[in-house]
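Here is upload-v2.txt, consisting of compact mmCIF, C-alpha atoms:
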```
# COMPACT_ATOMS: atom_id res chain seq x y z
CA MET A 1 -31.64 -38.84 -6.06
CA ASN A 2 -29.28 -39.55 -8.97
CA TYR A 3 -25.63 -38.44 -9.17
CA SER A 4 -26.34 -35.38 -11.31
CA GLU A 5 -28.92 -34.17 -8.82
CA LYS A 6 -26.45 -34.58 -5.96
CA SER A 7 -23.66 -32.80 -7.77
CA SER A 8 -25.87 -29.82 -8.56
CA ILE A 9 -26.19 -28.92 -4.88
CA VAL A 10 -22.57 -29.45 -3.89
CA PRO A 11 -20.89 -26.05 -3.28
CA SER A 12 -18.11 -25.12 -5.65
CA THR A 13 -14.66 -25.95 -4.33
CA ARG A 14 -12.74 -24.00 -6.96
CA PRO A 15 -10.05 -21.67 -5.66
CA LYS A 16 -11.01 -18.02 -5.33
CA LYS A 17 -9.60 -15.66 -7.93
CA ALA A 18 -8.10 -12.28 -7.04
CA LEU A 19 -7.02 -9.51 -9.39
CA ILE A 20 -4.42 -7.02 -8.12
CA THR A 21 -3.57 -3.78 -9.92
CA GLY A 22 -0.15 -2.37 -9.08
CA VAL A 23 1.05 -5.88 -8.28
CA SER A 24 4.73 -4.93 -8.73
CA GLY A 25 4.62 -2.43 -5.89
CA GLN A 26 5.44 -3.05 -2.25
CA ASP A 27 1.84 -3.76 -1.24
CA GLY A 28 0.86 -5.60 -4.41
CA SER A 29 3.74 -8.06 -4.23
CA TYR A 30 3.14 -8.91 -0.58
CA LEU A 31 -0.60 -9.22 -1.17
CA ALA A 32 -0.05 -11.58 -4.11
CA GLU A 33 2.06 -13.88 -1.96
CA PHE A 34 -0.39 -13.66 0.95
CA LEU A 35 -3.41 -14.57 -1.20
CA SER A 36 -1.55 -17.35 -3.01
CA ALA A 37 -0.68 -18.89 0.36
CA LYS A 38 -4.41 -18.84 1.16
CA GLY A 39 -5.15 -20.85 -1.97
CA TYR A 40 -6.23 -18.04 -4.31
CA ASN A 41 -5.44 -17.96 -7.99
CA VAL A 42 -3.81 -14.54 -8.26
CA TYR A 43 -3.81 -12.33 -11.37
CA GLY A 44 -1.58 -9.29 -11.56
CA VAL A 45 -1.87 -6.03 -13.50
CA ASP A 46 0.90 -3.46 -13.83
CA LYS A 47 2.66 -1.27 -16.37
CA SER A 48 5.88 -3.25 -16.00
CA PHE A 49 6.99 -6.36 -14.16
CA SER A 50 10.70 -5.63 -14.26
CA GLN A 51 10.77 -4.95 -10.49
CA LEU A 52 8.54 -7.86 -9.48
CA PRO A 53 10.27 -10.05 -6.86
CA HIS A 54 10.98 -13.60 -7.97
CA GLU A 55 8.91 -15.07 -5.13
CA THR A 56 5.94 -12.95 -6.20
CA LYS A 57 6.14 -14.22 -9.80
CA ASN A 58 5.83 -17.76 -8.46
CA ALA A 59 2.66 -16.75 -6.59
CA ILE A 60 0.84 -15.28 -9.63
CA SER A 61 -1.20 -17.30 -12.12
CA GLN A 62 -1.25 -14.64 -14.85
CA LEU A 63 0.38 -11.27 -15.41
CA HIS A 64 -1.22 -8.56 -17.54
CA GLU A 65 1.12 -5.76 -18.59
CA ILE A 66 -1.02 -2.75 -19.45
CA ASP A 67 -0.85 1.02 -19.25
CA LEU A 68 -3.42 2.04 -16.63
CA THR A 69 -3.56 5.57 -18.00
CA LYS A 70 -5.81 3.80 -20.53
CA PRO A 71 -7.91 1.91 -17.98
CA VAL A 72 -10.62 0.77 -20.41
CA VAL A 73 -8.44 -2.31 -21.03
CA LEU A 74 -9.20 -3.32 -17.44
CA LYS A 75 -12.78 -4.19 -18.36
CA LYS A 76 -11.66 -6.87 -20.82
CA ILE A 77 -9.29 -8.36 -18.27
CA ILE A 78 -11.95 -8.45 -15.54
CA LEU A 79 -14.50 -10.09 -17.82
CA ASN A 80 -11.95 -12.65 -18.92
CA ILE A 81 -10.85 -13.56 -15.38
CA LEU A 82 -14.19 -13.13 -13.53
CA PRO A 83 -12.43 -12.54 -10.20
CA ASP A 84 -13.99 -12.96 -6.77
CA GLU A 85 -11.95 -10.07 -5.38
CA ILE A 86 -10.24 -7.05 -6.95
CA TYR A 87 -7.60 -4.99 -5.15
CA HIS A 88 -6.99 -1.63 -6.83
CA LEU A 89 -3.59 -0.74 -5.43
CA ALA A 90 -2.16 0.98 -8.50
CA ALA A 91 -1.70 4.72 -8.08
CA TYR A 92 -0.02 7.45 -10.05
CA HIS A 93 2.87 8.72 -7.98
CA PHE A 94 3.16 8.61 -4.24
CA SER A 95 2.20 11.43 -1.96
CA SER A 96 5.69 12.08 -0.58
CA GLN A 97 6.75 13.54 -3.92
CA LEU A 98 3.81 15.85 -4.31
CA ASP A 99 2.84 19.19 -2.84
CA GLY A 100 0.69 22.16 -3.63
CA ASN A 101 3.33 23.56 -6.00
CA SER A 102 3.56 20.47 -8.20
CA LYS A 103 3.26 21.26 -11.90
CA MET A 104 2.13 17.83 -12.98
CA SER A 105 -0.78 17.05 -15.26
CA PHE A 106 -4.02 15.99 -13.61
CA VAL A 107 -4.67 13.48 -16.41
CA PRO A 108 -2.58 10.49 -15.20
CA PHE A 109 -3.68 11.02 -11.58
CA ASN A 110 -7.28 10.99 -12.70
CA ALA A 111 -6.85 8.03 -15.06
CA ILE A 112 -5.14 5.63 -12.66
CA ASN A 113 -6.37 6.75 -9.26
CA LEU A 114 -9.99 7.42 -10.23
CA VAL A 115 -11.07 6.45 -13.76
CA ALA A 116 -9.56 2.97 -13.46
CA LEU A 117 -11.52 2.54 -10.23
CA ASN A 118 -14.69 3.67 -12.00
CA VAL A 119 -14.09 1.11 -14.77
CA ILE A 120 -13.70 -1.62 -12.14
CA LEU A 121 -16.86 -0.66 -10.24
CA GLU A 122 -18.94 -0.19 -13.37
CA THR A 123 -17.82 -3.55 -14.77
CA ILE A 124 -18.77 -5.24 -11.50
CA ARG A 125 -22.11 -3.45 -11.38
CA ASP A 126 -23.04 -4.58 -14.88
CA ASN A 127 -21.53 -8.04 -15.02
CA LEU A 128 -20.19 -9.38 -11.74
CA LYS A 129 -22.17 -8.23 -8.72
CA SER A 130 -20.70 -10.97 -6.52
CA CYS A 131 -17.17 -9.56 -6.90
CA ARG A 132 -15.72 -7.59 -3.99
CA THR A 133 -13.37 -4.63 -4.48
CA PHE A 134 -10.76 -3.02 -2.24
CA TYR A 135 -9.56 0.53 -2.96
CA ALA A 136 -6.25 1.70 -1.52
CA SER A 137 -6.70 5.27 -0.33
CA SER A 138 -4.31 7.47 1.64
CA SER A 139 -4.14 9.49 4.85
CA HIS A 140 -3.16 12.45 2.66
CA ILE A 141 -6.84 12.93 1.80
CA PHE A 142 -7.10 14.74 5.15
CA GLY A 143 -4.66 17.51 4.19
CA LYS A 144 -3.98 19.91 7.07
CA VAL A 145 -5.78 18.14 9.87
CA ASP A 146 -7.15 19.84 12.97
CA GLN A 147 -7.60 16.72 15.07
CA TYR A 148 -5.42 13.92 16.38
CA PRO A 149 -5.83 11.05 15.76
CA GLN A 150 -7.87 10.94 12.54
CA SER A 151 -10.80 8.58 12.07
CA GLU A 152 -13.17 7.60 9.28
CA TYR A 153 -15.22 10.66 10.23
CA THR A 154 -12.43 13.21 9.88
CA PRO A 155 -13.30 15.71 7.09
CA TYR A 156 -11.28 15.53 3.87
CA HIS A 157 -9.17 18.51 2.88
CA PRO A 158 -6.84 17.22 0.11
CA GLU A 159 -3.95 19.48 -0.89
CA SER A 160 -2.36 17.69 -3.85
CA LEU A 161 -3.50 16.10 -7.10
CA TYR A 162 -2.73 12.73 -5.59
CA ALA A 163 -4.85 13.39 -2.51
CA ILE A 164 -7.71 14.93 -4.51
CA THR A 165 -8.09 11.83 -6.68
CA LYS A 166 -7.78 9.53 -3.68
CA ALA A 167 -10.52 11.42 -1.83
CA ALA A 168 -12.70 11.27 -4.94
CA GLY A 169 -12.06 7.52 -5.12
CA ASN A 170 -13.35 7.12 -1.57
CA GLU A 171 -16.56 8.89 -2.51
CA LEU A 172 -16.94 6.88 -5.71
CA CYS A 173 -16.72 3.66 -3.69
CA ARG A 174 -19.30 4.96 -1.23
CA PHE A 175 -21.61 5.91 -4.12
CA TYR A 176 -21.47 2.47 -5.75
CA ARG A 177 -21.88 0.79 -2.37
CA GLU A 178 -24.95 2.81 -1.36
CA TYR A 179 -26.72 3.27 -4.70
CA TYR A 180 -25.79 0.14 -6.67
CA ASP A 181 -25.17 -2.35 -3.85
CA VAL A 182 -21.65 -3.06 -5.11
CA TYR A 183 -19.42 -4.56 -2.43
CA THR A 184 -16.48 -2.21 -2.11
CA SER A 185 -14.22 -1.41 0.81
CA VAL A 186 -11.81 1.48 1.18
CA GLY A 187 -8.60 1.34 3.19
CA ILE A 188 -7.28 4.75 4.24
CA LEU A 189 -3.64 3.73 4.47
CA TYR A 190 -1.15 5.43 6.73
CA ASN A 191 2.63 5.19 6.21
CA HIS A 192 3.72 1.59 5.92
CA GLU A 193 7.15 0.23 5.08
CA SER A 194 9.02 -2.97 4.32
CA PRO A 195 12.28 -4.23 2.84
CA ARG A 196 10.62 -3.70 -0.55
CA ARG A 197 10.15 0.04 -0.06
CA SER A 198 11.86 2.00 -2.86
CA LEU A 199 14.80 4.32 -2.17
CA SER A 200 12.69 7.36 -3.00
CA PHE A 201 11.27 7.05 0.55
CA ILE A 202 13.15 8.37 3.57
CA THR A 203 12.76 5.10 5.51
CA ALA A 204 14.53 3.12 2.80
CA GLN A 205 17.21 5.81 2.54
CA ILE A 206 17.92 5.63 6.28
CA ALA A 207 17.92 1.83 6.29
CA GLU A 208 20.33 1.80 3.35
CA ALA A 209 22.56 4.38 5.08
CA ALA A 210 22.78 2.18 8.18
CA ALA A 211 23.63 -0.84 6.02
CA MET A 212 26.32 1.12 4.18
CA ALA A 213 27.84 2.33 7.44
CA LYS A 214 27.92 -1.23 8.77
CA LEU A 215 29.82 -2.35 5.68
CA GLY A 216 32.30 0.49 6.01
CA LEU A 217 31.03 2.43 3.02
CA PRO A 218 31.05 6.25 3.14
CA VAL A 219 27.64 7.68 3.93
CA LYS A 220 26.15 11.02 4.87
CA LEU A 221 22.39 11.51 4.64
CA THR A 222 20.61 14.85 5.09
CA VAL A 223 16.90 14.67 5.87
CA ARG A 224 14.23 17.35 5.82
CA ASP A 225 12.87 16.88 9.33
CA LEU A 226 14.27 14.56 11.98
CA ASP A 227 11.56 15.71 14.39
CA GLY A 228 8.73 14.80 12.03
CA ILE A 229 6.10 12.58 13.64
CA VAL A 230 4.81 9.62 11.64
CA ASP A 231 2.40 6.71 12.12
CA TRP A 232 4.53 3.89 10.66
CA GLY A 233 3.38 0.31 10.17
CA ALA A 234 4.53 -2.77 8.27
CA ALA A 235 3.24 -3.43 4.76
CA GLN A 236 2.87 -7.13 5.58
CA ASP A 237 0.38 -6.21 8.32
CA TYR A 238 -1.49 -3.74 6.15
CA ILE A 239 -2.14 -6.12 3.25
CA ARG A 240 -3.68 -8.52 5.77
CA ALA A 241 -6.02 -5.69 6.77
CA MET A 242 -6.96 -5.22 3.10
CA TRP A 243 -7.96 -8.86 2.82
CA LEU A 244 -9.87 -8.85 6.11
CA SER A 245 -11.86 -5.81 4.98
CA LEU A 246 -13.26 -7.89 2.09
CA GLN A 247 -14.27 -10.81 4.32
CA GLN A 248 -16.93 -8.80 6.18
CA PRO A 249 -20.70 -9.03 5.50
CA HIS A 250 -20.68 -5.58 3.90
CA GLY A 251 -18.13 -3.26 2.37
CA ASP A 252 -17.05 -0.21 4.37
CA THR A 253 -14.30 2.38 4.87
CA TYR A 254 -11.49 1.67 7.33
CA ILE A 255 -8.49 3.53 8.69
CA ILE A 256 -5.44 1.22 8.42
CA SER A 257 -2.81 2.43 10.87
CA THR A 258 -0.91 1.53 14.01
CA GLY A 259 -1.97 4.68 15.87
CA VAL A 260 1.55 4.91 17.34
CA PRO A 261 3.41 8.22 16.79
CA VAL A 262 7.18 8.01 16.28
CA GLN A 263 9.77 10.48 15.05
CA VAL A 264 12.02 10.17 12.02
CA ARG A 265 14.98 10.31 14.41
CA ASP A 266 13.55 7.24 16.20
CA PHE A 267 13.76 5.34 12.92
CA ALA A 268 17.35 6.50 12.40
CA GLN A 269 18.45 5.66 15.94
CA ILE A 270 17.03 2.13 15.82
CA ALA A 271 18.58 1.52 12.38
CA PHE A 272 22.08 2.63 13.43
CA ASN A 273 21.92 1.14 16.94
CA HIS A 274 21.21 -2.20 15.26
CA VAL A 275 24.56 -2.03 13.46
CA GLY A 276 26.39 -0.72 16.54
CA LEU A 277 26.75 2.87 15.38
CA ASP A 278 25.50 6.34 16.34
CA SER A 279 23.01 7.81 13.86
CA ASN A 280 24.15 11.34 14.77
CA ASN A 281 27.42 10.69 12.93
CA PHE A 282 25.65 9.82 9.66
CA ILE A 283 22.17 11.40 9.57
CA PHE A 284 21.85 15.18 9.59
CA GLN A 285 19.03 17.72 9.70
CA ASP A 286 18.64 20.01 6.70
CA LYS A 287 19.30 23.39 8.34
CA SER A 288 17.53 25.22 5.53
CA THR A 289 14.28 23.44 6.36
CA ALA A 290 12.33 25.37 8.95
CA ARG A 291 10.38 23.23 11.39
CA LYS A 292 6.66 23.80 10.95
CA GLU A 293 4.58 22.68 13.88
CA SER A 294 1.50 20.85 12.69
CA ILE A 295 -0.84 18.10 13.77
CA PRO A 296 0.60 14.81 12.46
CA TYR A 297 -1.13 12.07 10.51
CA ILE A 298 -1.91 9.50 13.21
CA GLY A 299 -4.75 7.11 12.51
CA ASP A 300 -7.43 5.71 14.80
CA SER A 301 -7.88 2.16 13.49
CA SER A 302 -10.26 1.02 16.25
CA LYS A 303 -13.06 0.36 13.72
CA LEU A 304 -10.82 -2.00 11.73
CA ARG A 305 -9.60 -3.69 14.91
CA ASN A 306 -13.12 -4.18 16.29
CA GLU A 307 -14.99 -5.18 13.14
CA CYS A 308 -12.28 -7.08 11.26
CA LYS A 309 -10.36 -8.42 14.27
CA TRP A 310 -7.11 -6.97 12.93
CA SER A 311 -4.06 -5.84 14.84
CA PRO A 312 -0.48 -5.25 13.70
CA GLU A 313 1.91 -8.13 14.36
CA ILE A 314 5.24 -6.55 13.34
CA SER A 315 6.62 -4.01 15.82
CA PHE A 316 8.21 -0.76 14.72
CA TYR A 317 11.57 -1.96 16.02
CA ALA A 318 11.34 -5.25 14.10
CA LEU A 319 10.30 -3.39 10.95
CA VAL A 320 13.35 -1.09 11.04
CA VAL A 321 15.74 -3.98 11.73
CA GLU A 322 14.25 -6.05 8.90
CA MET A 323 14.72 -3.16 6.47
CA VAL A 324 18.34 -2.61 7.50
CA GLU A 325 19.19 -6.30 7.18
CA ALA A 326 17.59 -6.44 3.73
CA HIS A 327 19.82 -3.58 2.56
CA VAL A 328 22.88 -5.26 4.07
CA ARG A 329 22.15 -8.40 2.04
CA ARG A 330 21.55 -6.39 -1.11
CA LEU A 331 24.76 -4.38 -0.79
CA LYS A 332 26.82 -7.49 -0.05
CA LYS A 333 25.37 -9.18 -3.12
CA GLN A 334 26.13 -6.15 -5.26
CA LYS A 335 29.71 -6.09 -3.95
CA ILE A 336 30.18 -9.77 -4.77
CA ASN A 337 28.78 -9.27 -8.27
CA LEU A 338 31.09 -6.28 -8.88
CA THR A 339 34.18 -8.26 -7.86
CA GLN A 340 33.39 -11.22 -10.10
```
Please render this file's structure as C-alpha cells.
Amino acid sequence: MNYSEKSSIVPSTRPKKALITGVSGQDGSYLAEFLSAKGYNVYGVDKSFSQLPHETKNAISQLHEIDLTKPVVLKKIILNILPDEIYHLAAYHFSSQLDGNSKMSFVPFNAINLVALNVILETIRDNLKSCRTFYASSSHIFGKVDQYPQSEYTPYHPESLYAITKAAGNELCRFYREYYDVYTSVGILYNHESPRRSLSFITAQIAEAAAMAKLGLPVKLTVRDLDGIVDWGAAQDYIRAMWLSLQQPHGDTYIISTGVPVQVRDFAQIAFNHVGLDSNNFIFQDKSTARKESIPYIGDSSKLRNECKWSPEISFYALVVEMVEAHVRRLKKQKINLTQ
C-alpha cells in the first residue's frame, strides 16, 4: 500500500467547527469559550458585538455581524463555514418582558425565533446533513401549567409572542428530525443566571443591589414578588447540557433545569448575607402587586441526566455569591475610572 492509499483511510483530525447565533448573549459567550476550550473553531453570529466579553472574543475564530430579522443571510454564512454543529441561541426579546398585553409586532419574533431556525434546518437538509443543530427553547412554552414539575411530555400552552414562536420552533425541529432525518436537539431552558446576566433581570438587579450596599452606596429595590418560586440554574452548567445534547446518537428534546424550587427572597437573602447585611433593609415587596397563586415553572430534567449524563455543578448559593462578587468588581472599577 503506497502513502496516498494510507492517507485516504486516516480519519480527519481537523478541529470541529461550531456556529453560534446570539453569541454576544450570556449563553452564547459562555458556550463559545466552552467549545473553544474543547478544541473547536468557533464562529459567532449576532447583531452587534459591542457587549461581547474580551475573553469570548479571544475564543472565536470569526464574527459575523448580521441582522437576524433578515435570516436569509444565515444560509450564506453556513455554506461558507460548513460547521459540524450549530447552536441557535439568538432570540427576539426575553420572556420576562413579555405578557399577554404586549403590543409588539409578531414579525421580529417570527423572523429570529422561527424563520432563522427554518433557514438553518433547510440549509442543513439540502447541503450539510452531517451537521447537528441545537435550538434554545424556553419553559415559557408551557404557559399556565397544571402540573409540577414539567417534563418533555407536558402540553404546550404559550401565552406570549415569545413563547408561541419558541413552541413552534420545537415542533419545527421535531418535523425535520422525523421527516428529513436532520439531527436537531431542543433544549427547553429554565431560568439560568450568571455574572453576565443583564440588569433587566431581577437576579442581576438584586446582585447589584447587594454589591452597592456593600460599597456603601444608597440602594432601595422594589420587586414584584418576593414569594415567587423559580427553578434557577447556572448558565455555565446549562451550556454544557446544550453541548452534551448534540453528542448523543440521535437528536431529541430535553428539559434543562435543576428541578430545585427556590423563592426570590432566597436569592435576596443569600446575596445580602454574603455582604454581611439584611436584605429586608434594602429589598421591598411591591404592595400594589397582588400575589397570584399558581403552579411554578419547575423542570424535570431526569431525561437529560439519564441519557446525556448531565448534572449541575454550580450550586444555587455559589451562583448568587458569584453574581454579587462580579457586581462588586464592576462597581469598584467604575468608581476608580470616575475618579481618574
List every residue of stretch 46-143 of chain A that has an atom at most 9 Å from any atom of stretch 240-246 of chain A, and for each one report the closest atom pair and its distance in Å to one decimal, counting all atoms listed in the file, with rows sorted by chain and then by increasing residue number, as JSON lines.
```
{"residue": "A:Glu85", "atom": "CA", "partner": "A:Leu246", "partner_atom": "CA", "distance": 7.9}
{"residue": "A:Tyr87", "atom": "CA", "partner": "A:Met242", "partner_atom": "CA", "distance": 8.3}
{"residue": "A:Arg132", "atom": "CA", "partner": "A:Leu246", "partner_atom": "CA", "distance": 6.6}
{"residue": "A:Thr133", "atom": "CA", "partner": "A:Leu246", "partner_atom": "CA", "distance": 7.3}
{"residue": "A:Phe134", "atom": "CA", "partner": "A:Met242", "partner_atom": "CA", "distance": 6.9}
{"residue": "A:Tyr135", "atom": "CA", "partner": "A:Met242", "partner_atom": "CA", "distance": 8.7}
{"residue": "A:Ala136", "atom": "CA", "partner": "A:Met242", "partner_atom": "CA", "distance": 8.4}
```
Let me see the file: selected residues, C-alpha atoms, as a PDB file, in the frame of the given file.
```
ATOM      1  CA  GLU A  85     -11.950 -10.070  -5.380  1.00  0.00           C
ATOM      2  CA  TYR A  87      -7.600  -4.990  -5.150  1.00  0.00           C
ATOM      3  CA  ARG A 132     -15.720  -7.590  -3.990  1.00  0.00           C
ATOM      4  CA  THR A 133     -13.370  -4.630  -4.480  1.00  0.00           C
ATOM      5  CA  PHE A 134     -10.760  -3.020  -2.240  1.00  0.00           C
ATOM      6  CA  TYR A 135      -9.560   0.530  -2.960  1.00  0.00           C
ATOM      7  CA  ALA A 136      -6.250   1.700  -1.520  1.00  0.00           C
TER       8      ALA A 136
END
```
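Considering the residues A:Gly276, A:Gly28, A:Gly259, A:Gly169 and counting only C-alpha atoms, A:Gln150 has its shortest atom-to-atom contact with A:Gly259.
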If we count only C-alpha atoms, what is near stretch 53-60 of chain A at a cut-off of 7 Å, once residues fewer than 5 positions away on the same chain are taken out, given as a list in words?
-> Ser29, Ala32, Glu33, Ser36, Val42, Tyr43 and Gly44 of chain A
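Atom pair atom CA of A:Ala18 / atom CA of A:Asp300 has a distance of 28.3 Å (rounded to one decimal).
Proximity ranking of A:Val219, A:Arg174, A:Phe267, A:Phe272 relative to A:His250 places A:Arg174 first, based on all atoms listed in the file.
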Surrounding residues of stretch 62-78 of chain A excluding itself and chain neighbours under 5 positions, 10 Å, only C-alpha atoms, as a tab-separated table (two decimals) with C-alpha atoms, keeping the file's coordinate frame:
```tsv
chain	number	residue	atom	x	y	z
A	19	LEU	CA	-7.02	-9.51	-9.39
A	20	ILE	CA	-4.42	-7.02	-8.12
A	21	THR	CA	-3.57	-3.78	-9.92
A	22	GLY	CA	-0.15	-2.37	-9.08
A	23	VAL	CA	1.05	-5.88	-8.28
A	41	ASN	CA	-5.44	-17.96	-7.99
A	42	VAL	CA	-3.81	-14.54	-8.26
A	43	TYR	CA	-3.81	-12.33	-11.37
A	44	GLY	CA	-1.58	-9.29	-11.56
A	45	VAL	CA	-1.87	-6.03	-13.50
A	46	ASP	CA	0.90	-3.46	-13.83
A	47	LYS	CA	2.66	-1.27	-16.37
A	48	SER	CA	5.88	-3.25	-16.00
A	49	PHE	CA	6.99	-6.36	-14.16
A	57	LYS	CA	6.14	-14.22	-9.80
A	83	PRO	CA	-12.43	-12.54	-10.20
A	86	ILE	CA	-10.24	-7.05	-6.95
A	90	ALA	CA	-2.16	0.98	-8.50
A	91	ALA	CA	-1.70	4.72	-8.08
A	92	TYR	CA	-0.02	7.45	-10.05
A	107	VAL	CA	-4.67	13.48	-16.41
A	108	PRO	CA	-2.58	10.49	-15.20
A	109	PHE	CA	-3.68	11.02	-11.58
A	110	ASN	CA	-7.28	10.99	-12.70
A	111	ALA	CA	-6.85	8.03	-15.06
A	112	ILE	CA	-5.14	5.63	-12.66
A	113	ASN	CA	-6.37	6.75	-9.26
A	114	LEU	CA	-9.99	7.42	-10.23
A	115	VAL	CA	-11.07	6.45	-13.76
A	116	ALA	CA	-9.56	2.97	-13.46
A	117	LEU	CA	-11.52	2.54	-10.23
A	118	ASN	CA	-14.69	3.67	-12.00
A	119	VAL	CA	-14.09	1.11	-14.77
A	120	ILE	CA	-13.70	-1.62	-12.14
A	121	LEU	CA	-16.86	-0.66	-10.24
A	122	GLU	CA	-18.94	-0.19	-13.37
A	123	THR	CA	-17.82	-3.55	-14.77
A	124	ILE	CA	-18.77	-5.24	-11.50
A	127	ASN	CA	-21.53	-8.04	-15.02
A	128	LEU	CA	-20.19	-9.38	-11.74
```
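The residues that lie within 7 Å of the point (-5.3, 13.3, -7.3), counting all atoms listed in the file, are A:Phe106, A:Phe109, A:Asn110, A:Asn113, A:Ser160, A:Leu161, A:Tyr162, A:Ala163, A:Ile164, A:Thr165, A:Lys166.
Pairwise distance (atom CA of A:Ala326, atom CA of A:Ser301) equals 28.6 Å.
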